[in-house]
$ cat my_file08.txt   # compact mmCIF, C-alpha atoms
# COMPACT_ATOMS: atom_id res chain seq x y z
CA MET K 1324 73.66 137.95 104.31
CA SER K 1325 75.32 137.16 101.01
CA ARG K 1326 78.93 137.84 101.78
CA ASN K 1327 80.57 135.94 104.50
CA LYS K 1328 84.21 136.08 105.31
CA GLN K 1329 85.63 135.24 108.71
CA GLU K 1330 87.50 138.51 108.57
CA GLU K 1331 88.50 138.88 112.16
CA ASP K 1332 89.44 135.34 113.00
CA PRO K 1333 93.16 135.19 113.74
CA ARG K 1334 93.40 131.68 112.33
CA ILE K 1335 92.65 132.90 108.81
CA ASN K 1336 95.99 134.54 108.27
CA GLY K 1337 97.79 131.39 109.30
CA ILE K 1338 95.83 129.43 106.70
CA LYS K 1339 96.38 132.02 104.01
CA THR K 1340 100.14 131.98 104.43
CA LYS K 1341 100.17 128.22 103.92
CA ILE K 1342 98.49 128.30 100.53
CA ARG K 1343 101.05 127.92 97.78
CA VAL K 1344 100.53 129.72 94.49
CA VAL K 1345 101.96 127.86 91.51
CA PRO K 1346 102.19 129.97 88.36
CA ASP K 1347 101.27 128.66 84.92
CA PHE K 1348 99.47 125.55 86.12
CA PRO K 1349 97.67 123.77 84.54
CA LYS K 1350 98.45 126.19 81.73
CA LYS K 1351 100.13 129.53 81.13
CA GLY K 1352 98.57 132.49 82.80
CA ILE K 1353 96.82 130.58 85.57
CA MET K 1354 98.04 131.19 89.12
CA PHE K 1355 97.09 127.88 90.69
CA GLN K 1356 96.05 127.95 94.33
CA ASP K 1357 97.64 124.89 95.86
CA ILE K 1358 96.05 123.84 99.15
CA THR K 1359 98.22 120.75 99.60
CA THR K 1360 100.63 122.89 101.59
CA VAL K 1361 97.81 123.66 104.04
CA LEU K 1362 97.33 119.92 104.53
CA LEU K 1363 101.02 119.59 105.39
CA ASP K 1364 100.56 121.87 108.38
CA PRO K 1365 98.44 120.07 110.97
CA LYS K 1366 97.53 123.29 112.74
CA ALA K 1367 96.51 125.14 109.57
CA PHE K 1368 94.50 122.14 108.37
CA LYS K 1369 92.80 121.76 111.73
CA ASP K 1370 92.02 125.49 111.86
CA THR K 1371 90.48 125.32 108.39
CA ILE K 1372 88.16 122.52 109.40
CA ASP K 1373 87.38 124.08 112.78
CA LEU K 1374 86.31 127.36 111.19
CA PHE K 1375 83.76 125.57 109.04
CA VAL K 1376 82.62 123.24 111.82
CA GLU K 1377 82.04 126.15 114.19
CA ARG K 1378 79.91 127.81 111.56
CA TYR K 1379 77.80 124.78 110.67
CA ARG K 1380 77.52 122.63 113.78
CA ASP K 1381 74.28 124.15 114.98
CA LYS K 1382 72.67 124.59 111.60
CA ASN K 1383 71.09 121.14 111.33
CA ILE K 1384 73.05 120.19 108.26
CA SER K 1385 72.31 116.58 107.35
CA VAL K 1386 74.46 116.31 104.20
CA VAL K 1387 77.91 117.52 103.28
CA ALA K 1388 78.46 117.13 99.54
CA GLY K 1389 82.08 117.30 98.45
CA ILE K 1390 83.25 117.87 94.90
CA GLU K 1391 85.88 115.48 93.57
CA ALA K 1392 88.68 115.45 94.33
CA ARG K 1393 89.81 118.31 96.58
CA GLY K 1394 86.34 118.65 98.09
CA PHE K 1395 86.99 115.14 99.45
CA LEU K 1396 89.83 116.54 101.56
CA PHE K 1397 87.68 119.06 103.43
CA GLY K 1398 84.16 117.69 103.25
CA PRO K 1399 84.51 114.46 105.26
CA PRO K 1400 86.21 116.01 108.29
CA ILE K 1401 83.46 118.63 108.41
CA ALA K 1402 80.74 115.98 107.97
CA LEU K 1403 82.18 113.84 110.75
CA ALA K 1404 82.43 116.73 113.15
CA ILE K 1405 78.88 117.96 112.59
CA GLY K 1406 77.27 114.50 112.37
CA ALA K 1407 76.21 114.79 108.73
CA LYS K 1408 76.46 112.21 105.99
CA PHE K 1409 79.13 112.74 103.35
CA VAL K 1410 78.14 112.51 99.70
CA PRO K 1411 80.84 112.54 97.02
CA LEU K 1412 80.02 114.38 93.80
CA ARG K 1413 82.15 112.82 91.13
CA LYS K 1414 83.33 113.01 87.54
CA PRO K 1415 81.48 110.68 85.15
CA LYS K 1416 81.74 106.92 85.49
CA LYS K 1417 83.43 106.87 88.89
CA LEU K 1418 80.39 106.13 91.02
CA PRO K 1419 79.07 102.58 90.75
CA GLY K 1420 75.36 101.89 90.67
CA GLU K 1421 72.61 104.30 89.74
CA THR K 1422 73.57 107.95 89.40
CA ILE K 1423 72.10 111.23 88.25
CA PHE K 1424 74.18 113.89 86.56
CA GLU K 1425 74.29 117.58 85.88
CA GLU K 1426 76.23 119.10 83.04
CA TYR K 1427 78.27 122.26 83.35
CA GLU K 1428 80.39 124.39 81.06
CA LEU K 1429 84.13 124.42 80.81
CA GLU K 1430 86.17 126.96 78.92
CA TYR K 1431 86.00 124.56 75.98
CA GLY K 1432 83.17 122.06 76.05
CA ASN K 1433 81.22 120.57 78.91
CA ASP K 1434 81.76 118.24 81.81
CA ARG K 1435 79.43 116.39 84.15
CA LEU K 1436 79.05 115.97 87.86
CA GLU K 1437 77.39 112.79 89.16
CA MET K 1438 75.71 111.83 92.41
CA HIS K 1439 74.31 108.53 93.63
CA VAL K 1440 70.57 108.05 93.43
CA GLY K 1441 69.26 107.73 96.96
CA ALA K 1442 72.25 109.29 98.70
CA VAL K 1443 70.35 112.44 99.46
CA GLU K 1444 66.72 112.57 100.55
CA VAL K 1445 63.93 115.09 100.24
CA GLY K 1446 64.30 117.61 103.02
CA ASP K 1447 68.01 117.02 103.62
CA ARG K 1448 69.81 120.26 104.49
CA ALA K 1449 73.03 120.34 102.49
CA LEU K 1450 76.37 122.03 102.45
CA VAL K 1451 78.48 121.92 99.29
CA VAL K 1452 82.24 121.90 99.86
CA ASP K 1453 85.15 122.44 97.50
CA ASP K 1454 88.66 123.78 98.00
CA LEU K 1455 88.11 126.76 95.74
CA ILE K 1456 85.45 128.68 93.82
CA ALA K 1457 86.53 130.11 90.49
CA THR K 1458 83.79 130.59 87.88
CA GLY K 1459 81.27 128.76 90.06
CA GLY K 1460 80.31 126.32 87.29
CA THR K 1461 81.00 123.16 89.28
CA LEU K 1462 79.35 124.47 92.43
CA CYS K 1463 76.30 125.52 90.45
CA ALA K 1464 76.03 122.00 89.00
CA ALA K 1465 76.31 120.61 92.53
CA ILE K 1466 73.53 122.86 93.79
CA LYS K 1467 71.29 121.79 90.91
CA LEU K 1468 71.91 118.10 91.59
CA LEU K 1469 71.03 118.46 95.25
CA GLU K 1470 67.95 120.55 94.59
CA ARG K 1471 66.70 118.12 91.96
CA VAL K 1472 66.45 115.43 94.60
CA GLY K 1473 64.67 117.69 97.03
CA ALA K 1474 67.50 118.79 99.29
CA GLU K 1475 67.81 122.33 100.52
CA VAL K 1476 71.25 123.77 99.86
CA VAL K 1477 72.05 125.90 102.87
CA GLU K 1478 75.43 127.22 101.81
CA CYS K 1479 78.53 126.60 99.72
CA ALA K 1480 81.81 126.48 101.60
CA CYS K 1481 85.22 126.95 100.01
CA VAL K 1482 88.64 127.62 101.41
CA ILE K 1483 89.52 130.04 98.61
CA GLU K 1484 87.56 132.40 96.38
CA LEU K 1485 88.80 134.06 93.19
CA PRO K 1486 86.35 136.97 93.37
CA GLU K 1487 87.28 138.42 89.98
CA LEU K 1488 85.73 135.39 88.30
CA LYS K 1489 82.40 136.24 89.95
CA GLY K 1490 81.54 132.65 90.82
CA ARG K 1491 79.53 133.89 93.78
CA GLN K 1492 76.88 135.18 91.39
CA ARG K 1493 76.39 131.76 89.82
CA LEU K 1494 75.23 129.97 92.94
CA LYS K 1495 71.49 130.29 92.30
CA GLY K 1496 71.21 132.77 95.10
CA LYS K 1497 72.86 130.48 97.64
CA PRO K 1498 75.32 132.06 100.06
CA LEU K 1499 79.02 131.35 99.93
CA CYS K 1500 81.33 131.08 102.87
CA MET K 1501 85.01 131.33 102.12
CA LEU K 1502 88.11 131.86 104.22
CA VAL K 1503 90.66 133.38 101.87
CA GLU K 1504 90.36 135.59 98.80
CA TYR K 1505 92.90 135.64 96.02
CA ARG K 1506 92.92 138.62 93.70
CA TYR Z 3 69.12 102.85 99.73
CA ALA Z 4 70.13 99.29 100.32
CA PRO Z 5 73.49 98.42 101.71
CA LEU Z 6 74.26 94.82 100.97
CA TYR Z 7 76.49 92.63 102.95
CA ILE Z 8 80.10 91.62 102.94
CA LEU Z 9 81.15 88.12 103.62
CA LEU Z 10 82.93 88.25 106.96
CA LEU Z 11 84.97 85.23 107.80
CA SER Z 12 86.29 84.58 111.21
CA LEU Z 13 89.47 82.78 112.08
CA CYS Z 14 88.03 81.58 115.37
CA HIS Z 15 85.15 79.66 113.86
CA ARG Z 16 86.13 77.19 111.17
CA ALA Z 17 82.87 77.68 109.30
CA PRO Z 18 82.65 81.06 107.62
CA ALA Z 19 80.35 83.57 109.28
CA ILE Z 20 78.05 84.98 106.66
CA ARG Z 21 76.44 88.31 107.22
CA LEU Z 22 73.02 88.48 105.63
CA PRO Z 23 71.41 91.67 104.46
CA SER Z 24 70.03 93.27 107.57
CA ASN Z 25 66.99 94.85 106.00
CA ASN Z 26 65.43 95.70 102.70
CA SER Z 27 63.77 92.98 100.74
CA LYS Z 28 64.54 94.96 97.61
CA THR Z 29 68.12 93.70 97.61
CA PRO Z 30 68.61 92.74 93.98
CA PHE Z 31 71.19 90.09 94.63
CA LEU Z 32 73.11 88.29 97.32
CA LEU Z 33 76.82 87.74 97.50
CA ARG Z 34 77.76 84.20 96.65
CA SER Z 35 77.68 82.44 99.96
CA LYS Z 36 80.88 80.50 99.88
CA ALA Z 37 80.23 77.92 102.50
CA SER Z 38 83.11 75.68 101.54
CA ARG Z 39 86.27 75.43 103.54
CA ASP Z 40 88.35 77.06 100.78
CA SER Z 41 86.65 80.35 101.31
CA GLU Z 42 87.90 80.90 104.81
CA THR Z 43 89.71 84.13 105.23
CA MET Z 44 91.79 85.46 108.02
CA ALA Z 45 89.94 87.94 110.08
CA THR Z 46 92.11 90.41 111.84
CA LYS Z 47 92.10 90.34 115.58
CA GLU Z 48 90.10 93.53 115.41
CA ASP Z 49 87.44 91.91 113.23
CA VAL Z 50 86.74 89.36 115.87
CA GLN Z 51 86.83 91.57 118.90
CA ASP Z 52 85.75 95.04 117.86
CA PRO Z 53 81.97 95.32 118.06
CA ARG Z 54 81.96 98.22 115.64
CA ILE Z 55 83.16 96.13 112.70
CA PRO Z 56 79.94 94.28 111.80
CA LYS Z 57 78.05 97.52 111.38
CA ILE Z 58 80.85 98.94 109.24
CA ALA Z 59 80.87 95.80 107.12
CA SER Z 60 77.13 95.84 106.62
CA SER Z 61 77.17 99.46 105.54
CA ILE Z 62 79.30 98.65 102.50
CA ARG Z 63 77.39 98.07 99.31
CA VAL Z 64 78.49 95.58 96.66
CA ILE Z 65 77.75 96.46 93.05
CA PRO Z 66 78.13 93.61 90.56
CA ASP Z 67 79.75 94.08 87.17
CA PHE Z 68 81.33 97.44 87.89
CA PRO Z 69 83.45 98.83 86.33
CA LYS Z 70 83.25 95.79 84.06
CA PRO Z 71 81.52 92.38 83.98
CA GLY Z 72 82.71 89.96 86.62
CA ILE Z 73 83.89 92.55 89.10
CA MET Z 74 81.98 92.84 92.39
CA PHE Z 75 82.65 96.46 93.29
CA GLN Z 76 82.92 97.32 96.99
CA ASP Z 77 81.13 100.63 97.33
CA ILE Z 78 82.08 102.55 100.47
CA THR Z 79 79.87 105.53 99.65
CA THR Z 80 77.07 103.85 101.62
CA LEU Z 81 79.39 103.70 104.63
CA LEU Z 82 79.83 107.48 104.32
CA LEU Z 83 76.05 107.89 104.48
CA ASP Z 84 75.95 106.10 107.81
CA THR Z 85 77.28 108.68 110.24
CA GLU Z 86 77.93 106.17 112.99
CA ALA Z 87 79.69 103.68 110.70
CA PHE Z 88 81.87 106.40 109.19
CA LYS Z 89 82.80 107.78 112.59
CA ASP Z 90 83.56 104.28 113.89
CA THR Z 91 85.77 103.55 110.86
CA ILE Z 92 87.85 106.64 111.50
CA ASP Z 93 87.93 106.05 115.26
CA ILE Z 94 89.32 102.52 114.84
CA PHE Z 95 92.19 103.80 112.68
CA VAL Z 96 92.82 106.77 114.98
CA GLU Z 97 92.93 104.57 118.08
CA ARG Z 98 95.48 102.38 116.33
CA TYR Z 99 97.81 105.15 115.12
CA LYS Z 100 97.56 107.92 117.69
CA GLY Z 101 100.66 108.39 119.80
CA LYS Z 102 102.77 106.13 117.59
CA GLY Z 103 105.03 108.80 116.12
CA ILE Z 104 103.23 108.84 112.78
CA SER Z 105 103.89 112.23 111.22
CA VAL Z 106 102.53 111.49 107.73
CA VAL Z 107 99.24 110.10 106.51
CA ALA Z 108 99.46 109.50 102.77
CA GLY Z 109 96.17 108.93 100.97
CA VAL Z 110 95.71 107.46 97.51
CA GLU Z 111 93.44 109.41 95.18
CA ALA Z 112 90.48 109.61 95.31
CA ARG Z 113 88.86 107.43 97.97
CA GLY Z 114 91.95 107.58 100.12
CA PHE Z 115 91.23 111.31 100.32
CA ILE Z 116 88.01 110.57 102.17
CA PHE Z 117 89.53 108.46 104.95
CA GLY Z 118 93.04 109.88 105.20
CA PRO Z 119 92.43 113.50 106.24
CA PRO Z 120 90.13 112.75 109.19
CA ILE Z 121 92.74 110.31 110.50
CA ALA Z 122 95.57 112.80 109.93
CA LEU Z 123 93.68 115.56 111.72
CA ALA Z 124 92.91 113.37 114.70
CA ILE Z 125 96.49 112.12 115.16
CA GLY Z 126 98.16 115.47 114.41
CA ALA Z 127 99.92 114.28 111.27
CA LYS Z 128 100.22 115.96 107.92
CA PHE Z 129 98.16 114.67 105.04
CA VAL Z 130 99.89 113.97 101.75
CA PRO Z 131 97.78 113.26 98.67
CA LEU Z 132 99.14 110.67 96.24
CA ARG Z 133 97.62 111.50 92.89
CA LYS Z 134 97.19 110.37 89.32
CA PRO Z 135 99.55 112.05 86.85
CA LYS Z 136 99.32 115.78 86.14
CA LYS Z 137 96.95 116.65 89.00
CA LEU Z 138 99.52 118.00 91.45
CA PRO Z 139 100.95 121.41 90.57
CA GLY Z 140 104.63 122.12 91.01
CA LYS Z 141 107.43 119.62 91.32
CA VAL Z 142 106.49 115.98 91.75
CA ILE Z 143 108.09 112.58 91.86
CA SER Z 144 106.29 109.64 90.36
CA GLU Z 145 106.21 105.87 90.60
CA GLU Z 146 104.89 103.54 87.95
CA TYR Z 147 102.87 100.42 88.61
CA SER Z 148 101.32 97.68 86.52
CA LEU Z 149 97.71 97.42 85.54
CA GLU Z 150 96.01 94.43 83.99
CA TYR Z 151 96.86 96.03 80.64
CA GLY Z 152 99.61 98.61 80.68
CA THR Z 153 100.85 100.80 83.50
CA ASP Z 154 99.79 103.82 85.50
CA LYS Z 155 101.59 106.25 87.77
CA ILE Z 156 101.08 107.90 91.10
CA GLU Z 157 102.69 111.19 92.01
CA MET Z 158 103.68 113.00 95.18
CA HIS Z 159 104.91 116.52 95.75
CA VAL Z 160 108.64 117.00 96.17
CA GLY Z 161 109.22 118.23 99.69
CA ALA Z 162 105.90 117.08 101.10
CA VAL Z 163 107.67 114.55 103.29
CA GLU Z 164 111.13 114.48 104.82
CA PRO Z 165 113.61 111.67 105.35
CA GLY Z 166 113.08 109.94 108.65
CA GLU Z 167 109.36 110.58 108.88
CA ARG Z 168 107.01 107.72 109.77
CA ALA Z 169 103.99 107.29 107.55
CA ILE Z 170 100.84 105.31 107.14
CA ILE Z 171 99.27 104.89 103.71
CA ILE Z 172 95.49 104.89 103.44
CA ASP Z 173 93.14 103.68 100.74
CA ASP Z 174 89.57 102.45 100.87
CA LEU Z 175 90.44 99.01 99.54
CA ILE Z 176 93.37 96.75 98.68
CA ALA Z 177 92.84 94.51 95.68
CA THR Z 178 95.98 93.44 93.77
CA GLY Z 179 98.13 95.75 95.89
CA GLY Z 180 99.70 97.44 92.87
CA THR Z 181 98.79 100.98 93.88
CA LEU Z 182 99.78 100.54 97.52
CA ALA Z 183 103.07 98.93 96.54
CA ALA Z 184 103.80 101.92 94.31
CA ALA Z 185 102.91 104.28 97.16
CA ILE Z 186 105.32 102.43 99.46
CA ARG Z 187 108.11 102.70 96.89
CA LEU Z 188 107.41 106.41 96.37
CA LEU Z 189 107.64 107.24 100.06
CA GLU Z 190 110.63 104.98 100.71
CA ARG Z 191 112.52 106.63 97.86
CA VAL Z 192 112.47 109.87 99.83
CA GLY Z 193 113.55 108.27 103.07
CA VAL Z 194 110.22 107.76 104.79
CA THR Z 195 109.46 104.64 106.83
CA ILE Z 196 106.04 103.17 106.27
CA ALA Z 197 104.70 101.94 109.58
CA GLU Z 198 101.65 100.32 108.01
CA CYS Z 199 99.18 100.38 105.14
CA ALA Z 200 95.59 100.73 106.26
CA CYS Z 201 92.47 100.00 104.25
CA VAL Z 202 88.83 99.54 105.09
CA ILE Z 203 88.49 96.48 102.84
CA GLU Z 204 90.77 93.69 101.62
CA LEU Z 205 90.04 91.28 98.81
CA PRO Z 206 92.36 88.51 100.01
CA VAL Z 207 91.78 86.34 96.94
CA LEU Z 208 93.82 88.87 94.96
CA LYS Z 209 96.79 88.45 97.32
CA GLY Z 210 97.57 92.16 97.47
CA ARG Z 211 99.21 91.71 100.85
CA GLU Z 212 102.07 89.83 99.18
CA LYS Z 213 103.00 92.88 97.10
CA LEU Z 214 103.58 94.97 100.20
CA GLY Z 215 106.79 93.18 101.17
CA GLU Z 216 107.77 93.92 104.74
CA THR Z 217 105.11 96.56 105.22
CA PRO Z 218 102.26 95.37 107.43
CA LEU Z 219 98.65 95.78 106.37
CA PHE Z 220 95.75 96.59 108.64
CA ILE Z 221 92.20 96.16 107.45
CA LEU Z 222 88.74 96.20 108.96
CA VAL Z 223 86.75 94.00 106.61
CA THR Z 224 87.58 91.23 104.19
CA SER Z 225 85.50 90.20 101.25
CA ASP Z 226 85.55 87.14 99.05
CA ALA Z 227 83.70 89.06 96.36
CA ALA Z 228 86.58 89.61 94.00
$ encode --input "my_file08.txt" --output "structure tokens"
Amino acid sequence: MSRNKQEEDPRINGIKTKIRVVPDFPKKGIMFQDITTVLLDPKAFKDTIDLFVERYRDKNISVVAGIEARGFLFGPPIALAIGAKFVPLRKPKKLPGETIFEEYELEYGNDRLEMHVGAVEVGDRALVVDDLIATGGTLCAAIKLLERVGAEVVECACVIELPELKGRQRLKGKPLCMLVEYR
Amino acid sequence: YAPLYILLLSLCHRAPAIRLPSNNSKTPFLLRSKASRDSETMATKEDVQDPRIPKIASSIRVIPDFPKPGIMFQDITTLLLDTEAFKDTIDIFVERYKGKGISVVAGVEARGFIFGPPIALAIGAKFVPLRKPKKLPGKVISEEYSLEYGTDKIEMHVGAVEPGERAIIIDDLIATGGTLAAAIRLLERVGVTIAECACVIELPVLKGREKLGETPLFILVTSDAA
């Protein structure tokens, strides 16, 4: 099953209405999906987390990897609720100690995602969490990092998908679960 | 993956209580064991009584010379890998703040984003991210604070909080207190009362507590490794 949207759940609409779209941020032409307004509504935030927790609690997930920085808002509550460890995936030079990195493309140039050596073990079953999937570049880098250390990436979970950017196709065949689409 | 130890000092015992590495002979270094009387630190009441604290403390890893030589970096990512320690950390904060009329949990980017939301969710408060410049879209207000060299800013969304709300501010660690003091000023400017600042770790040597003025500070673990 490659497409997964919680279409019928009545909580989804409540979440969707809380997302604020900010035009021309960070630059002209981009309609920025601002989830901070979801976090300001305790019910909408709780519903967001609950929807993911309900999906993953019985799937033996041992790692929730969250992408800096907005993945840090959703990943830890999910990890705590399902009893998984939380692993932050960060921009370069933020994590102390030994790290491994994966490069990914930006519109202009490259960036890197880093993970701590030893955070994830062979055989760990992982979820990758971010607030939004656009081109899928960051999520793809995250999947590669986790697979390099022998984890199995079970699914990627995002609150929002921008389907026109086709990020879903860049996830190395991994399924994506999202709650809200923005076209 | 070797968590090292944090020096835990107890007010009740005049000699400092040193926590040794619990396992792993591969530990590359030990914290300086400051056995002298000057290195006593106040433990919070919770430190002494709450049986969950030692495990939380021992799950924190100390990385020397990061981000630059001489700094003993307190790495909480190892705490996040210990499901029981992470849960206990959140539970202690939730038990303290639930039912106290706190409607806002403000978390300082980025590690405050890890601890703040679970607390906010559990106590039914909103979560407000306080971010580095230019990260938040839309209208923001900002507050400057001093660094060792130069200044930095934190920003908050206009309209995220309302006058009269009661807030707690969360970060993983308080060092000099500059960031937390700026966060306090930011929230107070828009009419919010800060009930308390809450951090996992304090580096008391850096006297951050003094920068917080009247605002109380609650912490779980202190470390002399500054």
$ interface_residues --input "my_file08.txt" --of "chain K" --to "chain Z" --cutoff "6 Å" --atoms "all atoms listed in the file" --output "PyMOL selection string"
chain K and resi 1362-1365+1395-1396+1400+1408-1409+1441
$ closest_residue --input "my_file08.txt" --among "K:Glu1426, K:Glu1478, K:Glu1470, K:Glu1421" --to "Leu1450 (chain K)" --atoms "only C-alpha atoms"
K:Glu1478
$ residues_around --input "my_file08.txt" --residues "Pro1486 (chain K)" --least-positions-apart "6" --cutoff "8 Å" --atoms "only C-alpha atoms" --output "MDAnalysis selection string"
chainID K and resid 1457 1504:1506
$ closest_residue --input "my_file08.txt" --among "Z:Lys102, Z:Cys199, Z:Ile58, Z:Ala177" --to "Ile73 (chain Z)" --atoms "all atoms listed in the file"
Z:Ala177
$ atom_distance --input "my_file08.txt" --atom1 "CA of Glu198 (chain Z)" --atom2 "CA of Leu219 (chain Z)"
5.7 Å
$ residues_around --input "my_file08.txt" --residues "Val1345 (chain K)" --least-positions-apart "4" --cutoff "9 Å" --atoms "only C-alpha atoms" --output "PDB file with C-alpha atoms, in the coordinates of the input"
ATOM      1  CA  ILE K1353      96.820 130.580  85.570  1.00  0.00           C
ATOM      2  CA  MET K1354      98.040 131.190  89.120  1.00  0.00           C
ATOM      3  CA  PHE K1355      97.090 127.880  90.690  1.00  0.00           C
ATOM      4  CA  GLN K1356      96.050 127.950  94.330  1.00  0.00           C
ATOM      5  CA  ASP K1357      97.640 124.890  95.860  1.00  0.00           C
TER       6      ASP K1357
ATOM      7  CA  PRO Z 139     100.950 121.410  90.570  1.00  0.00           C
ATOM      8  CA  GLY Z 140     104.630 122.120  91.010  1.00  0.00           C
TER       9      GLY Z 140
END
$ atom_distance --input "my_file08.txt" --atom1 "CA of Arg1493 (chain K)" --atom2 "CA of Gly1459 (chain K)"
5.7 Å
$ atom_distance --input "my_file08.txt" --atom1 "CA of Gly1460 (chain K)" --atom2 "CA of Glu1437 (chain K)"
14.0 Å
$ axis_aligned_box --input "my_file08.txt" --around "region 181-192 of chain Z" --padding-each-side "4 Å" --output "lines of an AutoDock Vina configuration file"
center_x = 105.7
center_y = 104.4
center_z = 97.3
size_x = 21.7
size_y = 18.9
size_z = 14.8
$ closest_residue --input "my_file08.txt" --among "K:Glu1425, K:Lys1414, K:Val1477, K:Lys1339" --to "Pro1498 (chain K)" --atoms "only C-alpha atoms"
K:Val1477
$ residues_around --input "my_file08.txt" --residues "Thr153 (chain Z)" --least-positions-apart "3" --cutoff "12 Å" --atoms "only C-alpha atoms" --output "list of chain:residue names"
Z:Lys134, Z:Pro135, Z:Glu145, Z:Glu146, Z:Tyr147, Z:Ser148, Z:Leu149, Z:Glu150, Z:Ile156, Z:Gly180, Z:Thr181, Z:Ala184
$ residues_around --input "my_file08.txt" --residues "Leu1468 (chain K)" --least-positions-apart "6" --cutoff "9 Å" --atoms "all atoms listed in the file" --output "ChimeraX atom specification"
/K:1423-1425,1436-1438,1474
$ residues_around --input "my_file08.txt" --residues "Glu164 (chain Z)" --least-positions-apart "3" --cutoff "7 Å" --atoms "all atoms listed in the file" --output "PDB file with C-alpha atoms, in the frame of the given file"
ATOM      1  CA  GLY Z 161     109.220 118.230  99.690  1.00  0.00           C
ATOM      2  CA  GLU Z 167     109.360 110.580 108.880  1.00  0.00           C
ATOM      3  CA  VAL Z 192     112.470 109.870  99.830  1.00  0.00           C
ATOM      4  CA  GLY Z 193     113.550 108.270 103.070  1.00  0.00           C
ATOM      5  CA  VAL Z 194     110.220 107.760 104.790  1.00  0.00           C
TER       6      VAL Z 194
END
$ closest_residue --input "my_file08.txt" --among "K:Gln1492, K:Thr1461, K:Thr1340, K:Thr1359" --to "Glu1391 (chain K)" --atoms "all atoms listed in the file"
K:Thr1461
$ closest_residue --input "my_file08.txt" --among "K:Val1410, K:Val1376, K:Ala1464, K:Val1476" --to "Gly1446 (chain K)" --atoms "only C-alpha atoms"
K:Val1476
$ decode --input "my_file08.txt" --residues "region 65-76 of chain Z" --atoms "N, CA, C and O atoms" --output "PDB file, in the first residue's frame"
ATOM      1  N   ILE Z  65      30.554  15.435  26.280  1.00  0.00           N
ATOM      2  CA  ILE Z  65      31.529  15.415  25.181  1.00  0.00           C
ATOM      3  C   ILE Z  65      32.514  16.562  25.395  1.00  0.00           C
ATOM      4  O   ILE Z  65      32.126  17.734  25.373  1.00  0.00           O
ATOM      5  N   PRO Z  66      33.785  16.254  25.612  1.00  0.00           N
ATOM      6  CA  PRO Z  66      34.748  17.322  25.851  1.00  0.00           C
ATOM      7  C   PRO Z  66      35.073  18.080  24.565  1.00  0.00           C
ATOM      8  O   PRO Z  66      34.982  17.528  23.466  1.00  0.00           O
ATOM      9  N   ASP Z  67      35.408  19.350  24.746  1.00  0.00           N
ATOM     10  CA  ASP Z  67      35.904  20.188  23.653  1.00  0.00           C
ATOM     11  C   ASP Z  67      34.912  20.327  22.497  1.00  0.00           C
ATOM     12  O   ASP Z  67      35.318  20.364  21.333  1.00  0.00           O
ATOM     13  N   PHE Z  68      33.657  20.416  22.824  1.00  0.00           N
ATOM     14  CA  PHE Z  68      32.635  20.704  21.824  1.00  0.00           C
ATOM     15  C   PHE Z  68      31.744  21.813  22.333  1.00  0.00           C
ATOM     16  O   PHE Z  68      31.327  21.781  23.487  1.00  0.00           O
ATOM     17  N   PRO Z  69      31.393  22.838  21.540  1.00  0.00           N
ATOM     18  CA  PRO Z  69      31.825  23.035  20.160  1.00  0.00           C
ATOM     19  C   PRO Z  69      33.242  23.588  20.004  1.00  0.00           C
ATOM     20  O   PRO Z  69      33.707  23.736  18.889  1.00  0.00           O
ATOM     21  N   LYS Z  70      33.891  23.888  21.129  1.00  0.00           N
ATOM     22  CA  LYS Z  70      35.276  24.364  21.013  1.00  0.00           C
ATOM     23  C   LYS Z  70      36.065  23.912  22.225  1.00  0.00           C
ATOM     24  O   LYS Z  70      35.477  23.543  23.260  1.00  0.00           O
ATOM     25  N   PRO Z  71      37.395  23.942  22.163  1.00  0.00           N
ATOM     26  CA  PRO Z  71      38.234  23.441  23.260  1.00  0.00           C
ATOM     27  C   PRO Z  71      37.864  24.063  24.598  1.00  0.00           C
ATOM     28  O   PRO Z  71      37.592  25.255  24.692  1.00  0.00           O
ATOM     29  N   GLY Z  72      37.841  23.222  25.609  1.00  0.00           N
ATOM     30  CA  GLY Z  72      37.544  23.705  26.951  1.00  0.00           C
ATOM     31  C   GLY Z  72      36.098  23.577  27.357  1.00  0.00           C
ATOM     32  O   GLY Z  72      35.766  23.631  28.543  1.00  0.00           O
ATOM     33  N   ILE Z  73      35.223  23.364  26.394  1.00  0.00           N
ATOM     34  CA  ILE Z  73      33.811  23.221  26.746  1.00  0.00           C
ATOM     35  C   ILE Z  73      33.455  21.745  26.884  1.00  0.00           C
ATOM     36  O   ILE Z  73      33.777  20.931  26.020  1.00  0.00           O
ATOM     37  N   MET Z  74      32.822  21.394  28.006  1.00  0.00           N
ATOM     38  CA  MET Z  74      32.364  20.027  28.258  1.00  0.00           C
ATOM     39  C   MET Z  74      30.877  20.011  27.894  1.00  0.00           C
ATOM     40  O   MET Z  74      30.034  20.460  28.679  1.00  0.00           O
ATOM     41  N   PHE Z  75      30.572  19.524  26.716  1.00  0.00           N
ATOM     42  CA  PHE Z  75      29.213  19.628  26.190  1.00  0.00           C
ATOM     43  C   PHE Z  75      28.301  18.570  26.799  1.00  0.00           C
ATOM     44  O   PHE Z  75      28.618  17.388  26.809  1.00  0.00           O
ATOM     45  N   GLN Z  76      27.162  18.993  27.295  1.00  0.00           N
ATOM     46  CA  GLN Z  76      26.185  18.077  27.898  1.00  0.00           C
ATOM     47  C   GLN Z  76      25.242  17.582  26.804  1.00  0.00           C
ATOM     48  O   GLN Z  76      24.388  18.328  26.329  1.00  0.00           O
TER      49      GLN Z  76
END
